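*Asks:* Quick one: the structure is below, questions incoming.
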Amino acid sequence: MGITAIIILSLILAIIISLMAAFFYIRKKLSEYSKALYGTSDIREGIDRAKSEMEQTPKSVSAMTSIFLPKIMKDFPAFNYDEMRELSKDVLTGYLMAINSKNAACLKYDGIDLRTKLEQHIMKLSSKNMHEHYENIKIHRTEISNYKKTKGRCIITFQSSVEALHYITDESGRVTEGDKEYKLQTKFDTDLLYIQDRDLVDETESASLGLTCPNCGGPVKSLGAKVCEYCGAGIVEINIHSWEFCEIRRWR
(Lines give C-alpha, C1' and ligand atoms only; values in the text may rest on other atoms or scores of the structure.)
Protein backbone atom coordinates (compact mmCIF):
# COMPACT_ATOMS: atom_id res chain seq x y z
CA MET A 1 0.00 0.00 0.00
CA GLY A 2 1.38 3.37 -1.01
CA ILE A 3 2.03 6.28 1.30
CA THR A 4 -0.79 8.30 -0.30
CA ALA A 5 -3.33 5.53 0.35
CA ILE A 6 -2.17 5.22 3.96
CA ILE A 7 -2.57 8.99 4.45
CA ILE A 8 -6.08 8.92 2.94
CA LEU A 9 -7.12 5.99 5.13
CA SER A 10 -5.71 7.73 8.18
CA LEU A 11 -7.68 10.88 7.38
CA ILE A 12 -10.89 8.88 6.87
CA LEU A 13 -10.32 7.04 10.15
CA ALA A 14 -9.65 10.33 11.94
CA ILE A 15 -12.87 11.80 10.51
CA ILE A 16 -14.90 8.75 11.56
CA ILE A 17 -13.46 8.89 15.08
CA SER A 18 -14.18 12.63 15.29
CA LEU A 19 -17.78 12.13 14.13
CA MET A 20 -18.32 9.31 16.63
CA ALA A 21 -16.85 11.41 19.41
CA ALA A 22 -19.10 14.34 18.46
CA PHE A 23 -22.13 12.04 18.31
CA PHE A 24 -21.56 10.62 21.79
CA TYR A 25 -20.78 14.05 23.18
CA ILE A 26 -24.02 15.51 21.77
CA ARG A 27 -26.03 12.53 22.99
CA LYS A 28 -24.53 12.92 26.46
CA LYS A 29 -25.33 16.62 26.53
CA LEU A 30 -28.91 16.01 25.33
CA SER A 31 -29.31 13.36 28.02
CA GLU A 32 -28.05 15.79 30.68
CA TYR A 33 -30.27 18.56 29.34
CA SER A 34 -33.30 16.26 29.26
CA LYS A 35 -32.67 15.03 32.78
CA ALA A 36 -32.31 18.57 34.10
CA LEU A 37 -35.38 19.85 32.25
CA TYR A 38 -37.74 16.86 32.27
CA GLY A 39 -36.38 14.58 35.00
CA THR A 40 -35.47 11.78 32.58
CA SER A 41 -32.39 11.08 30.45
CA ASP A 42 -34.58 10.03 27.50
CA ILE A 43 -35.35 13.28 25.68
CA ARG A 44 -38.27 11.76 23.73
CA GLU A 45 -39.82 10.57 26.95
CA GLY A 46 -39.18 13.99 28.44
CA ILE A 47 -40.89 15.80 25.56
CA ASP A 48 -43.90 13.45 25.79
CA ARG A 49 -44.04 14.04 29.53
CA ALA A 50 -43.92 17.81 29.02
CA LYS A 51 -46.73 17.62 26.43
CA SER A 52 -48.81 15.56 28.83
CA GLU A 53 -48.30 18.11 31.60
CA MET A 54 -49.12 21.01 29.27
CA GLU A 55 -52.36 19.45 28.09
CA GLN A 56 -53.52 19.09 31.68
CA THR A 57 -52.77 22.69 32.69
CA PRO A 58 -55.43 25.27 31.73
CA LYS A 59 -54.25 28.68 30.61
CA SER A 60 -54.75 31.51 33.06
CA VAL A 61 -56.95 34.37 31.95
CA SER A 62 -56.61 38.09 32.51
CA ALA A 63 -59.29 38.34 35.19
CA MET A 64 -60.18 42.04 35.30
CA THR A 65 -63.88 41.60 36.04
CA SER A 66 -63.65 43.18 39.50
CA ILE A 67 -62.06 46.28 37.97
CA PHE A 68 -64.13 46.74 34.81
CA LEU A 69 -67.57 45.47 35.87
CA PRO A 70 -68.29 48.42 38.22
CA LYS A 71 -67.44 50.80 35.35
CA ILE A 72 -69.68 48.86 32.96
CA MET A 73 -72.55 48.85 35.47
CA LYS A 74 -72.16 52.58 35.94
CA ASP A 75 -72.46 53.13 32.18
CA PHE A 76 -75.08 50.40 31.63
CA PRO A 77 -77.12 49.75 34.82
CA ALA A 78 -79.23 47.10 33.04
CA PHE A 79 -76.21 45.07 31.92
CA ASN A 80 -76.57 41.45 33.07
CA TYR A 81 -73.02 40.19 33.60
CA ASP A 82 -73.84 36.57 34.40
CA GLU A 83 -76.12 36.25 31.39
CA MET A 84 -73.62 37.85 29.01
CA ARG A 85 -70.74 35.76 30.32
CA GLU A 86 -72.69 32.54 29.75
CA LEU A 87 -73.77 33.76 26.32
CA SER A 88 -70.16 34.54 25.40
CA LYS A 89 -69.23 30.94 26.30
CA ASP A 90 -72.09 29.58 24.19
CA VAL A 91 -71.14 31.80 21.24
CA LEU A 92 -67.48 30.79 21.48
CA THR A 93 -68.33 27.07 21.68
CA GLY A 94 -70.70 27.37 18.72
CA TYR A 95 -68.08 29.26 16.73
CA LEU A 96 -65.48 26.52 17.24
CA MET A 97 -68.00 23.74 16.56
CA ALA A 98 -68.96 25.48 13.32
CA ILE A 99 -65.31 25.56 12.22
CA ASN A 100 -64.93 21.90 13.13
CA SER A 101 -68.01 20.88 11.12
CA LYS A 102 -67.49 23.41 8.32
CA ASN A 103 -71.07 24.50 8.93
CA ALA A 104 -71.80 28.07 10.02
CA ALA A 105 -75.29 26.97 11.13
CA CYS A 106 -73.69 25.46 14.24
CA LEU A 107 -73.28 29.01 15.50
CA LYS A 108 -76.65 29.63 17.16
CA TYR A 109 -76.20 33.37 17.13
CA ASP A 110 -77.58 35.93 14.71
CA GLY A 111 -74.83 38.56 14.86
CA ILE A 112 -74.27 39.31 11.18
CA ASP A 113 -70.65 40.45 11.43
CA LEU A 114 -69.48 37.52 13.55
CA ARG A 115 -71.30 35.05 11.28
CA THR A 116 -69.74 36.67 8.20
CA LYS A 117 -66.23 36.31 9.65
CA LEU A 118 -66.98 32.69 10.51
CA GLU A 119 -68.17 31.94 6.98
CA GLN A 120 -65.07 33.62 5.54
CA HIS A 121 -62.83 31.52 7.79
CA ILE A 122 -64.55 28.31 6.68
CA MET A 123 -64.36 29.35 3.00
CA LYS A 124 -60.64 30.11 3.36
CA LEU A 125 -60.00 26.64 4.77
CA SER A 126 -62.08 25.01 2.04
CA SER A 127 -60.24 26.91 -0.70
CA LYS A 128 -57.00 25.38 0.57
CA ASN A 129 -58.57 21.91 0.99
CA MET A 130 -57.88 22.10 4.71
CA HIS A 131 -60.01 21.10 7.69
CA GLU A 132 -59.56 22.72 11.09
CA HIS A 133 -60.63 20.46 13.94
CA TYR A 134 -61.87 21.52 17.38
CA GLU A 135 -62.96 18.45 19.34
CA ASN A 136 -63.90 17.82 22.99
CA ILE A 137 -64.19 21.53 23.66
CA LYS A 138 -64.14 22.57 27.31
CA ILE A 139 -64.18 26.12 28.67
CA HIS A 140 -62.47 26.32 32.05
CA ARG A 141 -63.00 29.95 32.95
CA THR A 142 -64.33 33.15 31.43
CA GLU A 143 -63.71 36.65 32.76
CA ILE A 144 -63.86 40.23 31.53
CA SER A 145 -60.35 41.15 30.43
CA ASN A 146 -60.94 44.63 29.01
CA TYR A 147 -63.49 47.41 28.63
CA LYS A 148 -62.86 50.14 26.06
CA LYS A 149 -64.86 53.26 25.34
CA THR A 150 -64.13 55.35 22.28
CA LYS A 151 -66.14 57.70 20.10
CA GLY A 152 -69.67 56.40 20.01
CA ARG A 153 -68.92 52.81 20.94
CA CYS A 154 -68.05 50.50 23.83
CA ILE A 155 -66.38 47.08 23.68
CA ILE A 156 -66.31 44.50 26.45
CA THR A 157 -63.79 41.70 25.94
CA PHE A 158 -64.46 38.34 27.54
CA GLN A 159 -61.39 36.11 27.80
CA SER A 160 -61.87 32.35 28.05
CA SER A 161 -59.48 29.57 28.98
CA VAL A 162 -60.24 26.77 26.51
CA GLU A 163 -59.23 23.11 26.26
CA ALA A 164 -59.73 21.14 23.03
CA LEU A 165 -58.16 18.70 20.64
CA HIS A 166 -57.06 21.10 17.91
CA TYR A 167 -55.36 20.19 14.67
CA ILE A 168 -55.51 20.98 10.96
CA THR A 169 -55.51 18.35 8.22
CA ASP A 170 -54.99 18.58 4.47
CA GLU A 171 -57.09 16.92 1.78
CA SER A 172 -55.32 13.59 2.37
CA GLY A 173 -56.06 13.69 6.10
CA ARG A 174 -52.44 14.41 7.03
CA VAL A 175 -52.01 16.58 10.13
CA THR A 176 -50.26 19.81 9.13
CA GLU A 177 -50.68 21.70 12.40
CA GLY A 178 -51.52 20.75 15.96
CA ASP A 179 -51.77 17.28 17.48
CA LYS A 180 -54.49 14.61 17.35
CA GLU A 181 -53.31 13.00 20.58
CA TYR A 182 -52.56 15.90 22.91
CA LYS A 183 -55.13 18.50 23.96
CA LEU A 184 -54.46 22.16 23.35
CA GLN A 185 -54.75 24.59 26.24
CA THR A 186 -55.28 28.10 24.89
CA LYS A 187 -57.20 31.35 25.31
CA PHE A 188 -59.82 33.14 23.23
CA ASP A 189 -60.99 36.75 23.33
CA THR A 190 -64.65 37.39 22.51
CA ASP A 191 -65.60 41.02 21.85
CA LEU A 192 -69.04 42.36 22.78
CA LEU A 193 -69.85 45.63 20.99
CA TYR A 194 -72.28 48.42 21.80
CA ILE A 195 -72.78 51.32 19.39
CA GLN A 196 -74.03 54.35 21.28
CA ASP A 197 -73.91 56.95 18.52
CA ARG A 198 -73.17 56.01 14.92
CA ASP A 199 -72.46 59.61 13.96
CA LEU A 200 -69.63 59.86 16.50
CA VAL A 201 -67.79 56.82 15.12
CA ASP A 202 -65.46 58.15 12.44
CA GLU A 203 -64.20 56.09 9.49
CA THR A 204 -61.01 55.11 11.30
CA GLU A 205 -62.97 53.86 14.30
CA SER A 206 -65.59 52.02 12.24
CA ALA A 207 -62.90 50.30 10.19
CA SER A 208 -61.28 49.09 13.40
CA LEU A 209 -64.52 47.39 14.36
CA GLY A 210 -63.74 44.81 11.71
CA LEU A 211 -67.16 45.11 10.04
CA THR A 212 -67.27 43.34 6.70
CA CYS A 213 -69.62 42.94 3.75
CA PRO A 214 -71.56 39.65 4.04
CA ASN A 215 -71.28 39.14 0.28
CA CYS A 216 -67.64 39.85 -0.67
CA GLY A 217 -65.95 40.32 2.71
CA GLY A 218 -64.84 43.86 1.92
CA PRO A 219 -64.42 46.27 4.86
CA VAL A 220 -67.42 48.44 5.74
CA LYS A 221 -65.89 51.86 6.26
CA SER A 222 -69.02 53.62 7.44
CA LEU A 223 -71.53 52.38 10.00
CA GLY A 224 -74.31 54.10 8.06
CA ALA A 225 -73.44 52.47 4.74
CA LYS A 226 -76.40 50.89 2.95
CA VAL A 227 -74.43 49.39 0.04
CA CYS A 228 -70.97 47.79 -0.15
CA GLU A 229 -68.62 50.08 -2.07
CA TYR A 230 -66.76 47.04 -3.48
CA CYS A 231 -69.51 44.73 -4.78
CA GLY A 232 -72.71 46.78 -4.49
CA ALA A 233 -74.45 44.30 -2.17
CA GLY A 234 -76.85 45.59 0.46
CA ILE A 235 -75.45 46.07 3.96
CA VAL A 236 -77.34 45.03 7.08
CA GLU A 237 -76.85 47.82 9.60
CA ILE A 238 -75.24 46.93 12.89
CA ASN A 239 -77.61 47.20 15.82
CA ILE A 240 -77.57 50.52 17.60
CA HIS A 241 -78.20 50.71 21.36
CA SER A 242 -77.83 46.94 21.82
CA TRP A 243 -74.98 44.56 22.60
CA GLU A 244 -73.63 42.36 19.80
CA PHE A 245 -70.74 39.87 19.69
CA CYS A 246 -68.56 41.03 16.83
CA GLU A 247 -65.24 39.16 16.92
CA ILE A 248 -63.48 36.08 18.32
CA ARG A 249 -59.69 35.83 18.46
CA ARG A 250 -57.47 32.97 19.54
CA TRP A 251 -54.26 33.68 21.43
CA ARG A 252 -51.14 32.29 19.70
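Note on naming: chains are A, B, ... as they come in the C-alpha coordinates, residues start from 1 per chain, ligands start from 1 in the order shown.
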Where does DSSP see alpha helix (DSSP H) in range 6-172 of chain A, if you list the residues as a ChimeraX atom specification?

*Replies:* /A:6-38,43-55,65-75,81-101,112-127

*Asks:* In range 21-142 of chain A, what's strand (DSSP E) per DSSP? Answer as a ChimeraX atom specification?

*Replies:* /A:131-142

*Asks:* Deliver the residues from the most recent selection as a file, using N, CA and C atoms, as a PDB file, in the first residue's frame.

*Replies:*
```
ATOM      1  N   HIS A 131     -58.931  21.275   6.703  1.00  0.00           N
ATOM      2  CA  HIS A 131     -60.006  21.096   7.687  1.00  0.00           C
ATOM      3  C   HIS A 131     -59.430  21.381   9.073  1.00  0.00           C
ATOM      4  N   GLU A 132     -60.006  22.371   9.743  1.00  0.00           N
ATOM      5  CA  GLU A 132     -59.560  22.716  11.086  1.00  0.00           C
ATOM      6  C   GLU A 132     -60.474  22.040  12.100  1.00  0.00           C
ATOM      7  N   HIS A 133     -59.877  21.257  12.984  1.00  0.00           N
ATOM      8  CA  HIS A 133     -60.635  20.463  13.941  1.00  0.00           C
ATOM      9  C   HIS A 133     -60.589  21.095  15.334  1.00  0.00           C
ATOM     10  N   TYR A 134     -61.752  21.192  15.960  1.00  0.00           N
ATOM     11  CA  TYR A 134     -61.871  21.518  17.383  1.00  0.00           C
ATOM     12  C   TYR A 134     -62.781  20.458  17.994  1.00  0.00           C
ATOM     13  N   GLU A 135     -62.201  19.562  18.781  1.00  0.00           N
ATOM     14  CA  GLU A 135     -62.957  18.448  19.343  1.00  0.00           C
ATOM     15  C   GLU A 135     -62.852  18.448  20.872  1.00  0.00           C
ATOM     16  N   ASN A 136     -63.872  17.906  21.515  1.00  0.00           N
ATOM     17  CA  ASN A 136     -63.902  17.815  22.986  1.00  0.00           C
ATOM     18  C   ASN A 136     -63.632  19.173  23.632  1.00  0.00           C
ATOM     19  N   ILE A 137     -64.390  20.161  23.191  1.00  0.00           N
ATOM     20  CA  ILE A 137     -64.189  21.533  23.658  1.00  0.00           C
ATOM     21  C   ILE A 137     -64.649  21.682  25.112  1.00  0.00           C
ATOM     22  N   LYS A 138     -63.797  22.309  25.914  1.00  0.00           N
ATOM     23  CA  LYS A 138     -64.136  22.572  27.314  1.00  0.00           C
ATOM     24  C   LYS A 138     -63.648  23.968  27.694  1.00  0.00           C
ATOM     25  N   ILE A 139     -64.551  24.777  28.217  1.00  0.00           N
ATOM     26  CA  ILE A 139     -64.182  26.119  28.670  1.00  0.00           C
ATOM     27  C   ILE A 139     -63.993  26.084  30.187  1.00  0.00           C
ATOM     28  N   HIS A 140     -62.787  26.382  30.633  1.00  0.00           N
ATOM     29  CA  HIS A 140     -62.474  26.316  32.052  1.00  0.00           C
ATOM     30  C   HIS A 140     -62.950  27.555  32.811  1.00  0.00           C
ATOM     31  N   ARG A 141     -62.687  28.710  32.232  1.00  0.00           N
ATOM     32  CA  ARG A 141     -62.996  29.945  32.946  1.00  0.00           C
ATOM     33  C   ARG A 141     -63.183  31.085  31.960  1.00  0.00           C
ATOM     34  N   THR A 142     -64.095  31.977  32.256  1.00  0.00           N
ATOM     35  CA  THR A 142     -64.330  33.155  31.426  1.00  0.00           C
ATOM     36  C   THR A 142     -64.450  34.383  32.325  1.00  0.00           C
TER      37      THR A 142
END
```

*Asks:* What does the distance from CA of Cys154 in chain A to CA of Ser88 in chain A come to in Å, to one decimal?

*Replies:*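 According to the coordinates, CA of Cys154 in chain A and CA of Ser88 in chain A are separated by 16.2 Å.
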
*Asks:* Can you pull out every residue within 6 Å of Asn146 in chain A, counting only C-alpha atoms, but drop anything in the same chain fewer than 2 positions away, and send it as JSON, numbers by chain?

*Replies:* {"A": [144, 156, 157]}

*Asks:* Counting only C-alpha atoms, which residue out of A:Glu119, A:Asp110, A:Asp189, A:Glu143 sits closest to Trp243 in chain A?

*Replies:* A:Asp110
